[in-house]
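Peer 1: What follows is final-v7.pdb; its format and atoms are PDB, C-alpha atoms, pLDDT in the B column.
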ATOM      1  CA  MET Z  92     -36.405  14.461   1.778  1.00 43.00           C
ATOM      2  CA  GLN Z  93     -33.486  15.859  -0.220  1.00 42.00           C
ATOM      3  CA  PHE Z  94     -32.382  17.901   2.800  1.00 35.00           C
ATOM      4  CA  LYS Z  95     -32.243  14.738   4.933  1.00 36.00           C
ATOM      5  CA  LEU Z  96     -30.216  12.940   2.282  1.00 32.00           C
ATOM      6  CA  ALA Z  97     -27.782  15.855   1.995  1.00 35.00           C
ATOM      7  CA  PHE Z  98     -27.459  16.073   5.787  1.00 32.00           C
ATOM      8  CA  VAL Z  99     -26.788  12.339   6.176  1.00 29.00           C
ATOM      9  CA  SER Z 100     -24.280  12.409   3.316  1.00 33.00           C
ATOM     10  CA  ALA Z 101     -22.438  15.354   4.870  1.00 35.00           C
ATOM     11  CA  ALA Z 102     -22.411  13.678   8.294  1.00 31.00           C
ATOM     12  CA  LEU Z 103     -21.015  10.454   6.864  1.00 30.00           C
ATOM     13  CA  ALA Z 104     -18.338  12.327   4.938  1.00 33.00           C
ATOM     14  CA  THR Z 105     -17.310  14.195   8.092  1.00 30.00           C
ATOM     15  CA  LEU Z 106     -17.174  10.963  10.076  1.00 29.00           C
ATOM     16  CA  ALA Z 107     -15.042   9.327   7.402  1.00 31.00           C
ATOM     17  CA  LEU Z 108     -12.592  12.230   7.479  1.00 33.00           C
ATOM     18  CA  ALA Z 109     -12.438  12.279  11.272  1.00 35.00           C
ATOM     19  CA  SER Z 110     -11.844   8.542  11.644  1.00 35.00           C
ATOM     20  CA  PRO Z 111      -8.199   7.587  11.239  1.00 40.00           C
ATOM     21  CA  THR Z 112      -7.631   4.747   8.826  1.00 43.00           C
ATOM     22  CA  ALA Z 113      -4.642   2.529   9.360  1.00 48.00           C
ATOM     23  CA  ARG Z 114      -2.889   2.004   6.071  1.00 58.00           C
ATOM     24  CA  ASN Z 115       0.427   0.390   5.428  1.00 71.00           C
ATOM     25  CA  GLU Z 116       3.259   2.705   4.495  1.00 71.00           C
ATOM     26  CA  PRO Z 117       6.592   1.523   3.096  1.00 77.00           C
ATOM     27  CA  ALA Z 118       9.083   0.908   5.918  1.00 77.00           C
ATOM     28  CA  SER Z 119      11.496   3.257   4.137  1.00 77.00           C
ATOM     29  CA  SER Z 120       9.088   6.162   4.784  1.00 76.00           C
ATOM     30  CA  CYS Z 121       9.438   5.820   8.577  1.00 82.00           C
ATOM     31  CA  SER Z 122      11.027   9.086   9.718  1.00 78.00           C
ATOM     32  CA  THR Z 123      10.070   9.048  13.398  1.00 75.00           C
ATOM     33  CA  GLY Z 124      12.426   6.313  14.594  1.00 75.00           C
ATOM     34  CA  PRO Z 125      13.241   2.686  13.982  1.00 82.00           C
ATOM     35  CA  VAL Z 126      10.645   0.346  12.525  1.00 89.00           C
ATOM     36  CA  GLN Z 127       9.176  -1.793  15.289  1.00 91.00           C
ATOM     37  CA  CYS Z 128       7.650  -5.276  15.354  1.00 94.00           C
ATOM     38  CA  CYS Z 129       4.762  -5.193  17.836  1.00 95.00           C
ATOM     39  CA  GLN Z 130       3.074  -8.311  19.167  1.00 96.00           C
ATOM     40  CA  SER Z 131      -0.200  -6.391  19.469  1.00 94.00           C
ATOM     41  CA  VAL Z 132      -1.488  -3.177  17.916  1.00 95.00           C
ATOM     42  CA  GLN Z 133      -4.622  -1.438  19.174  1.00 94.00           C
ATOM     43  CA  THR Z 134      -6.725   1.505  18.118  1.00 94.00           C
ATOM     44  CA  THR Z 135      -7.472   4.166  20.708  1.00 90.00           C
ATOM     45  CA  THR Z 136     -11.027   2.784  20.889  1.00 92.00           C
ATOM     46  CA  GLN Z 137      -9.712  -0.672  21.759  1.00 93.00           C
ATOM     47  CA  ALA Z 138      -7.264   0.802  24.250  1.00 92.00           C
ATOM     48  CA  ALA Z 139     -10.073   2.722  25.976  1.00 92.00           C
ATOM     49  CA  ASN Z 140     -11.580  -0.652  26.900  1.00 94.00           C
ATOM     50  CA  ASN Z 141      -8.284  -2.174  28.055  1.00 93.00           C
ATOM     51  CA  ALA Z 142      -7.375  -1.347  31.658  1.00 94.00           C
ATOM     52  CA  GLY Z 143      -3.812  -2.624  31.191  1.00 91.00           C
ATOM     53  CA  VAL Z 144      -3.118  -0.298  28.252  1.00 92.00           C
ATOM     54  CA  LEU Z 145      -4.687   2.644  30.068  1.00 92.00           C
ATOM     55  CA  ALA Z 146      -2.482   1.933  33.090  1.00 92.00           C
ATOM     56  CA  LEU Z 147       0.667   1.791  30.934  1.00 89.00           C
ATOM     57  CA  LEU Z 148      -0.238   5.067  29.238  1.00 90.00           C
ATOM     58  CA  ALA Z 149      -0.799   6.674  32.654  1.00 90.00           C
ATOM     59  CA  VAL Z 150       2.599   5.463  33.888  1.00 88.00           C
ATOM     60  CA  ILE Z 151       4.380   7.090  30.943  1.00 86.00           C
ATOM     61  CA  GLY Z 152       2.270  10.250  31.262  1.00 89.00           C
ATOM     62  CA  VAL Z 153       0.330   9.933  28.010  1.00 88.00           C
ATOM     63  CA  ALA Z 154      -3.385  10.699  27.931  1.00 88.00           C
ATOM     64  CA  LEU Z 155      -5.329   8.451  25.570  1.00 89.00           C
ATOM     65  CA  GLY Z 156      -6.974  11.504  24.035  1.00 88.00           C
ATOM     66  CA  ASP Z 157      -3.561  12.816  23.010  1.00 87.00           C
ATOM     67  CA  VAL Z 158      -2.684   9.669  21.026  1.00 88.00           C
ATOM     68  CA  THR Z 159      -2.846   9.930  17.253  1.00 86.00           C
ATOM     69  CA  GLY Z 160      -2.537   6.660  15.393  1.00 88.00           C
ATOM     70  CA  LEU Z 161      -2.283   3.174  16.809  1.00 93.00           C
ATOM     71  CA  ILE Z 162      -0.792   1.892  20.057  1.00 93.00           C
ATOM     72  CA  GLY Z 163       1.822  -0.854  19.811  1.00 93.00           C
ATOM     73  CA  LEU Z 164       2.412  -3.303  22.650  1.00 94.00           C
ATOM     74  CA  THR Z 165       5.487  -5.454  23.293  1.00 93.00           C
ATOM     75  CA  CYS Z 166       7.551  -4.023  20.437  1.00 93.00           C
ATOM     76  CA  SER Z 167      11.108  -4.657  19.345  1.00 92.00           C
ATOM     77  CA  GLY Z 168      13.262  -3.043  16.679  1.00 88.00           C
ATOM     78  CA  ILE Z 169      13.624  -4.523  13.202  1.00 87.00           C
ATOM     79  CA  ASN Z 170      16.866  -4.286  11.220  1.00 79.00           C
ATOM     80  CA  ILE Z 171      15.438  -3.339   7.834  1.00 76.00           C
ATOM     81  CA  ALA Z 172      18.866  -3.129   6.166  1.00 74.00           C
ATOM     82  CA  GLY Z 173      19.644  -6.661   7.351  1.00 73.00           C
ATOM     83  CA  GLY Z 174      16.440  -8.037   5.829  1.00 76.00           C
ATOM     84  CA  GLY Z 175      14.627  -8.146   9.163  1.00 79.00           C
ATOM     85  CA  THR Z 176      11.210  -9.729   9.398  1.00 87.00           C
ATOM     86  CA  CYS Z 177       8.237  -9.421  11.705  1.00 90.00           C
ATOM     87  CA  SER Z 178       5.859 -12.262  12.475  1.00 92.00           C
ATOM     88  CA  ALA Z 179       3.351  -9.882  14.086  1.00 93.00           C
ATOM     89  CA  GLN Z 180       2.691  -6.232  13.061  1.00 94.00           C
ATOM     90  CA  ALA Z 181       5.451  -3.992  11.680  1.00 93.00           C
ATOM     91  CA  VAL Z 182       4.859  -0.351  12.598  1.00 93.00           C
ATOM     92  CA  CYS Z 183       6.499   3.048  12.607  1.00 91.00           C
ATOM     93  CA  CYS Z 184       5.745   4.972  15.821  1.00 89.00           C
ATOM     94  CA  THR Z 185       6.263   8.549  16.967  1.00 87.00           C
ATOM     95  CA  ASP Z 186       7.148   7.484  20.517  1.00 83.00           C
ATOM     96  CA  ASN Z 187       9.249   4.339  21.032  1.00 76.00           C
ATOM     97  CA  ALA Z 188      10.881   5.651  24.188  1.00 68.00           C
ATOM     98  CA  ASP Z 189       9.341   3.189  26.608  1.00 72.00           C
ATOM     99  CA  GLY Z 190      11.540   0.123  26.232  1.00 77.00           C
ATOM    100  CA  GLY Z 191       9.269  -1.650  23.783  1.00 84.00           C
ATOM    101  CA  LEU Z 192       6.519  -2.231  26.315  1.00 90.00           C
ATOM    102  CA  ILE Z 193       4.268   0.381  24.703  1.00 91.00           C
ATOM    103  CA  SER Z 194       4.715   2.590  21.641  1.00 91.00           C
ATOM    104  CA  VAL Z 195       2.290   5.322  20.609  1.00 91.00           C
ATOM    105  CA  GLY Z 196       1.436   7.115  17.396  1.00 91.00           C
ATOM    106  CA  CYS Z 197       2.019   4.005  15.282  1.00 92.00           C
ATOM    107  CA  VAL Z 198       1.300   3.468  11.601  1.00 91.00           C
ATOM    108  CA  PRO Z 199       1.512   0.005  10.016  1.00 92.00           C
ATOM    109  CA  VAL Z 200       4.395  -0.417   7.550  1.00 91.00           C
ATOM    110  CA  THR Z 201       5.163  -2.931   4.866  1.00 88.00           C
ATOM    111  CA  LEU Z 202       8.582  -4.575   5.090  1.00 83.00           C
TER     112      LEU Z 202
END
Would you put the structure from the file into structure tokens?
Peer 2:
Amino acid sequence: MQFKLAFVSAALATLALASPTARNEPASSCSTGPVQCCQSVQTTTQAANNAGVLALLAVIGVALGDVTGLIGLTCSGINIAGGGTCSAQAVCCTDNADGGLISVGCVPVTL
């Protein structure tokens, strides 16, 4: 019985470490590009069930399996220095190069 408990505990700990947790970072810590305001943010699991997101990723040559972090959709830049606000989800993304339609590798930030 103790072996089963130890095995389950170890499996749960491994799963917790392997599952990315979105946590808000200060906007000032964004070092990958400008802070973005995205109308929608999805996990890779959500994106896997969304044909539109999969099609956009294919167009820009990004495989879903290569994405670390969240995927932002319909994003625009925020002027932090000017006191910018975001009525949706503020994020910092590693790849904003697609005209705001889709951004990958996003982490939520606090403005």
Peer 1: Write out as a tab-separated table the residues of region 163-194 of chain Z that have any atom within 12 Å of an atom of region 136-148 of chain Z, one row each with the nearest atom pair and its distance in Å to one decimal, counting only C-alpha atoms, sorted by chain and then rising number.
Peer 2:
residue	atom	partner	partner_atom	distance
Z:Gly163	CA	Z:Val144	CA	9.8
Z:Leu164	CA	Z:Val144	CA	8.4
Z:Thr165	CA	Z:Val144	CA	11.2
Z:Asp186	CA	Z:Leu148	CA	11.7
Z:Asp189	CA	Z:Leu147	CA	9.8
Z:Gly190	CA	Z:Leu147	CA	12.0
Z:Gly191	CA	Z:Leu147	CA	11.7
Z:Leu192	CA	Z:Leu147	CA	8.5
Z:Ile193	CA	Z:Leu147	CA	7.3
Z:Ser194	CA	Z:Leu148	CA	9.4
Peer 1: Run the PyMOL selection byres ((chain Z and resi 177) around 9) against the file shown and list the residues it catches, as an MDAnalysis selection string.
Peer 2: chainID Z and resid 127:129 169 175:176 178:181 202
Peer 1: So, with all atoms listed in the file as the atoms that count, which of Z:Val195, Z:Leu155, Z:Val182, Z:Ala172 lies closest to Asn115 (chain Z)?
Peer 2: Z:Val182
Peer 1: Enter the distance from CA of Thr134 (chain Z) to CA of Ala118 (chain Z), in Å, rounded to one decimal.
Peer 2: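 The value is 20.0 Å.
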Peer 1: Mind giving me the straight-line distance from CA of Gly174 (chain Z) to CA of Ser120 (chain Z) in Å, one decimal?
Peer 2: 16.0 Å
Peer 1: Distance CA of Cys183 (chain Z)-CA of Val158 (chain Z), one decimal place?
Peer 2: 14.1 Å
Peer 1: Would you write out, as a JSON list (two decimals) with C-alpha atoms, in the coordinates of the input, every residue that the PyMOL selection byres ((chain Z and resi 123) around 7) captures in this file?
Peer 2:
[["chain", "number", "residue", "atom", "x", "y", "z"],
["Z", 121, "CYS", "CA", 9.44, 5.82, 8.58],
["Z", 122, "SER", "CA", 11.03, 9.09, 9.72],
["Z", 124, "GLY", "CA", 12.43, 6.31, 14.59],
["Z", 184, "CYS", "CA", 5.74, 4.97, 15.82],
["Z", 185, "THR", "CA", 6.26, 8.55, 16.97]]
Peer 1: Identify which of the residues Z:Pro125, Z:Asn187, Z:Glu116, Z:Val153 lies closest to Ile171 (chain Z), counting only C-alpha atoms when measuring atom-to-atom distances.
Peer 2: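 Ranking Z:Pro125, Z:Asn187, Z:Glu116, Z:Val153 by distance to Ile171 (chain Z), first place goes to Z:Pro125.
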Peer 1: Taking into account all atoms listed in the file, which residue in the set Z:Ala154, Z:Val200, Z:Val132, Z:Ala149 is nearest to Cys166 (chain Z)?
Peer 2: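 Nearest to Cys166 (chain Z): Z:Val132.
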Peer 1: Skip Gly160 (chain Z) itself and residues of its chain fewer than 6 positions away, then list as JSON, numbers by chain all residues within 7 Å of it, counting all atoms listed in the file.
Peer 2: {"Z": [196, 197, 198]}
Peer 1: Missing atoms in region 169-190 of chain Z should be modelled up to N, CA, C and O atoms and reported as a PDB file, in the coordinates of the input.
Peer 2:
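What landed in rebuild15.pdb:
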ATOM      1  N   ILE Z 169      13.387  -3.656  14.364  1.00 87.00           N
ATOM      2  CA  ILE Z 169      13.624  -4.523  13.202  1.00 87.00           C
ATOM      3  C   ILE Z 169      14.777  -3.925  12.411  1.00 87.00           C
ATOM      4  O   ILE Z 169      14.766  -2.733  12.108  1.00 87.00           O
ATOM      5  N   ASN Z 170      15.751  -4.737  12.051  1.00 79.00           N
ATOM      6  CA  ASN Z 170      16.866  -4.286  11.220  1.00 79.00           C
ATOM      7  C   ASN Z 170      16.462  -4.421   9.752  1.00 79.00           C
ATOM      8  O   ASN Z 170      16.611  -5.472   9.145  1.00 79.00           O
ATOM      9  N   ILE Z 171      15.928  -3.333   9.217  1.00 76.00           N
ATOM     10  CA  ILE Z 171      15.438  -3.339   7.834  1.00 76.00           C
ATOM     11  C   ILE Z 171      16.585  -3.615   6.860  1.00 76.00           C
ATOM     12  O   ILE Z 171      16.448  -4.400   5.927  1.00 76.00           O
ATOM     13  N   ALA Z 172      17.727  -2.964   7.078  1.00 74.00           N
ATOM     14  CA  ALA Z 172      18.866  -3.129   6.166  1.00 74.00           C
ATOM     15  C   ALA Z 172      19.356  -4.573   6.147  1.00 74.00           C
ATOM     16  O   ALA Z 172      19.845  -5.055   5.135  1.00 74.00           O
ATOM     17  N   GLY Z 173      19.206  -5.274   7.264  1.00 73.00           N
ATOM     18  CA  GLY Z 173      19.644  -6.661   7.351  1.00 73.00           C
ATOM     19  C   GLY Z 173      18.586  -7.656   6.911  1.00 73.00           C
ATOM     20  O   GLY Z 173      18.713  -8.842   7.149  1.00 73.00           O
ATOM     21  N   GLY Z 174      17.504  -7.155   6.296  1.00 76.00           N
ATOM     22  CA  GLY Z 174      16.440  -8.037   5.829  1.00 76.00           C
ATOM     23  C   GLY Z 174      15.564  -8.548   6.949  1.00 76.00           C
ATOM     24  O   GLY Z 174      15.026  -9.648   6.871  1.00 76.00           O
ATOM     25  N   GLY Z 175      15.414  -7.741   8.005  1.00 79.00           N
ATOM     26  CA  GLY Z 175      14.627  -8.146   9.163  1.00 79.00           C
ATOM     27  C   GLY Z 175      13.190  -8.473   8.809  1.00 79.00           C
ATOM     28  O   GLY Z 175      12.640  -7.975   7.828  1.00 79.00           O
ATOM     29  N   THR Z 176      12.598  -9.338   9.604  1.00 87.00           N
ATOM     30  CA  THR Z 176      11.210  -9.729   9.398  1.00 87.00           C
ATOM     31  C   THR Z 176      10.421  -9.504  10.683  1.00 87.00           C
ATOM     32  O   THR Z 176      10.989  -9.301  11.748  1.00 87.00           O
ATOM     33  N   CYS Z 177       9.126  -9.579  10.562  1.00 90.00           N
ATOM     34  CA  CYS Z 177       8.237  -9.421  11.705  1.00 90.00           C
ATOM     35  C   CYS Z 177       7.100 -10.422  11.545  1.00 90.00           C
ATOM     36  O   CYS Z 177       6.395 -10.403  10.539  1.00 90.00           O
ATOM     37  N   SER Z 178       6.936 -11.275  12.543  1.00 92.00           N
ATOM     38  CA  SER Z 178       5.859 -12.262  12.475  1.00 92.00           C
ATOM     39  C   SER Z 178       4.547 -11.720  13.036  1.00 92.00           C
ATOM     40  O   SER Z 178       3.535 -12.414  13.016  1.00 92.00           O
ATOM     41  N   ALA Z 179       4.563 -10.501  13.543  1.00 93.00           N
ATOM     42  CA  ALA Z 179       3.351  -9.882  14.086  1.00 93.00           C
ATOM     43  C   ALA Z 179       3.002  -8.658  13.231  1.00 93.00           C
ATOM     44  O   ALA Z 179       2.735  -8.807  12.054  1.00 93.00           O
ATOM     45  N   GLN Z 180       3.039  -7.451  13.789  1.00 94.00           N
ATOM     46  CA  GLN Z 180       2.691  -6.232  13.061  1.00 94.00           C
ATOM     47  C   GLN Z 180       3.871  -5.266  13.028  1.00 94.00           C
ATOM     48  O   GLN Z 180       4.310  -4.793  14.074  1.00 94.00           O
ATOM     49  N   ALA Z 181       4.377  -4.978  11.841  1.00 93.00           N
ATOM     50  CA  ALA Z 181       5.451  -3.992  11.680  1.00 93.00           C
ATOM     51  C   ALA Z 181       4.826  -2.603  11.664  1.00 93.00           C
ATOM     52  O   ALA Z 181       3.834  -2.368  10.962  1.00 93.00           O
ATOM     53  N   VAL Z 182       5.390  -1.703  12.477  1.00 93.00           N
ATOM     54  CA  VAL Z 182       4.859  -0.351  12.598  1.00 93.00           C
ATOM     55  C   VAL Z 182       5.982   0.671  12.685  1.00 93.00           C
ATOM     56  O   VAL Z 182       7.118   0.341  13.011  1.00 93.00           O
ATOM     57  N   CYS Z 183       5.625   1.896  12.422  1.00 91.00           N
ATOM     58  CA  CYS Z 183       6.499   3.048  12.607  1.00 91.00           C
ATOM     59  C   CYS Z 183       5.774   3.939  13.609  1.00 91.00           C
ATOM     60  O   CYS Z 183       4.621   4.303  13.384  1.00 91.00           O
ATOM     61  N   CYS Z 184       6.416   4.247  14.741  1.00 89.00           N
ATOM     62  CA  CYS Z 184       5.745   4.972  15.821  1.00 89.00           C
ATOM     63  C   CYS Z 184       6.452   6.295  16.127  1.00 89.00           C
ATOM     64  O   CYS Z 184       7.660   6.412  15.961  1.00 89.00           O
ATOM     65  N   THR Z 185       5.681   7.252  16.614  1.00 87.00           N
ATOM     66  CA  THR Z 185       6.263   8.549  16.967  1.00 87.00           C
ATOM     67  C   THR Z 185       6.928   8.526  18.330  1.00 87.00           C
ATOM     68  O   THR Z 185       7.765   9.364  18.618  1.00 87.00           O
ATOM     69  N   ASP Z 186       6.549   7.562  19.185  1.00 83.00           N
ATOM     70  CA  ASP Z 186       7.148   7.484  20.517  1.00 83.00           C
ATOM     71  C   ASP Z 186       7.472   6.032  20.848  1.00 83.00           C
ATOM     72  O   ASP Z 186       6.600   5.247  21.204  1.00 83.00           O
ATOM     73  N   ASN Z 187       8.760   5.681  20.708  1.00 76.00           N
ATOM     74  CA  ASN Z 187       9.249   4.339  21.032  1.00 76.00           C
ATOM     75  C   ASN Z 187      10.087   4.361  22.301  1.00 76.00           C
ATOM     76  O   ASN Z 187      10.848   3.452  22.556  1.00 76.00           O
ATOM     77  N   ALA Z 188       9.952   5.406  23.092  1.00 68.00           N
ATOM     78  CA  ALA Z 188      10.881   5.651  24.188  1.00 68.00           C
ATOM     79  C   ALA Z 188      10.596   4.848  25.448  1.00 68.00           C
ATOM     80  O   ALA Z 188      11.181   5.115  26.474  1.00 68.00           O
ATOM     81  N   ASP Z 189       9.738   3.867  25.387  1.00 72.00           N
ATOM     82  CA  ASP Z 189       9.341   3.189  26.608  1.00 72.00           C
ATOM     83  C   ASP Z 189       9.781   1.737  26.663  1.00 72.00           C
ATOM     84  O   ASP Z 189       9.081   0.877  27.189  1.00 72.00           O
ATOM     85  N   GLY Z 190      10.946   1.450  26.121  1.00 77.00           N
ATOM     86  CA  GLY Z 190      11.540   0.123  26.232  1.00 77.00           C
ATOM     87  C   GLY Z 190      10.812  -0.983  25.503  1.00 77.00           C
ATOM     88  O   GLY Z 190      10.999  -2.148  25.809  1.00 77.00           O
TER      89      GLY Z 190
END
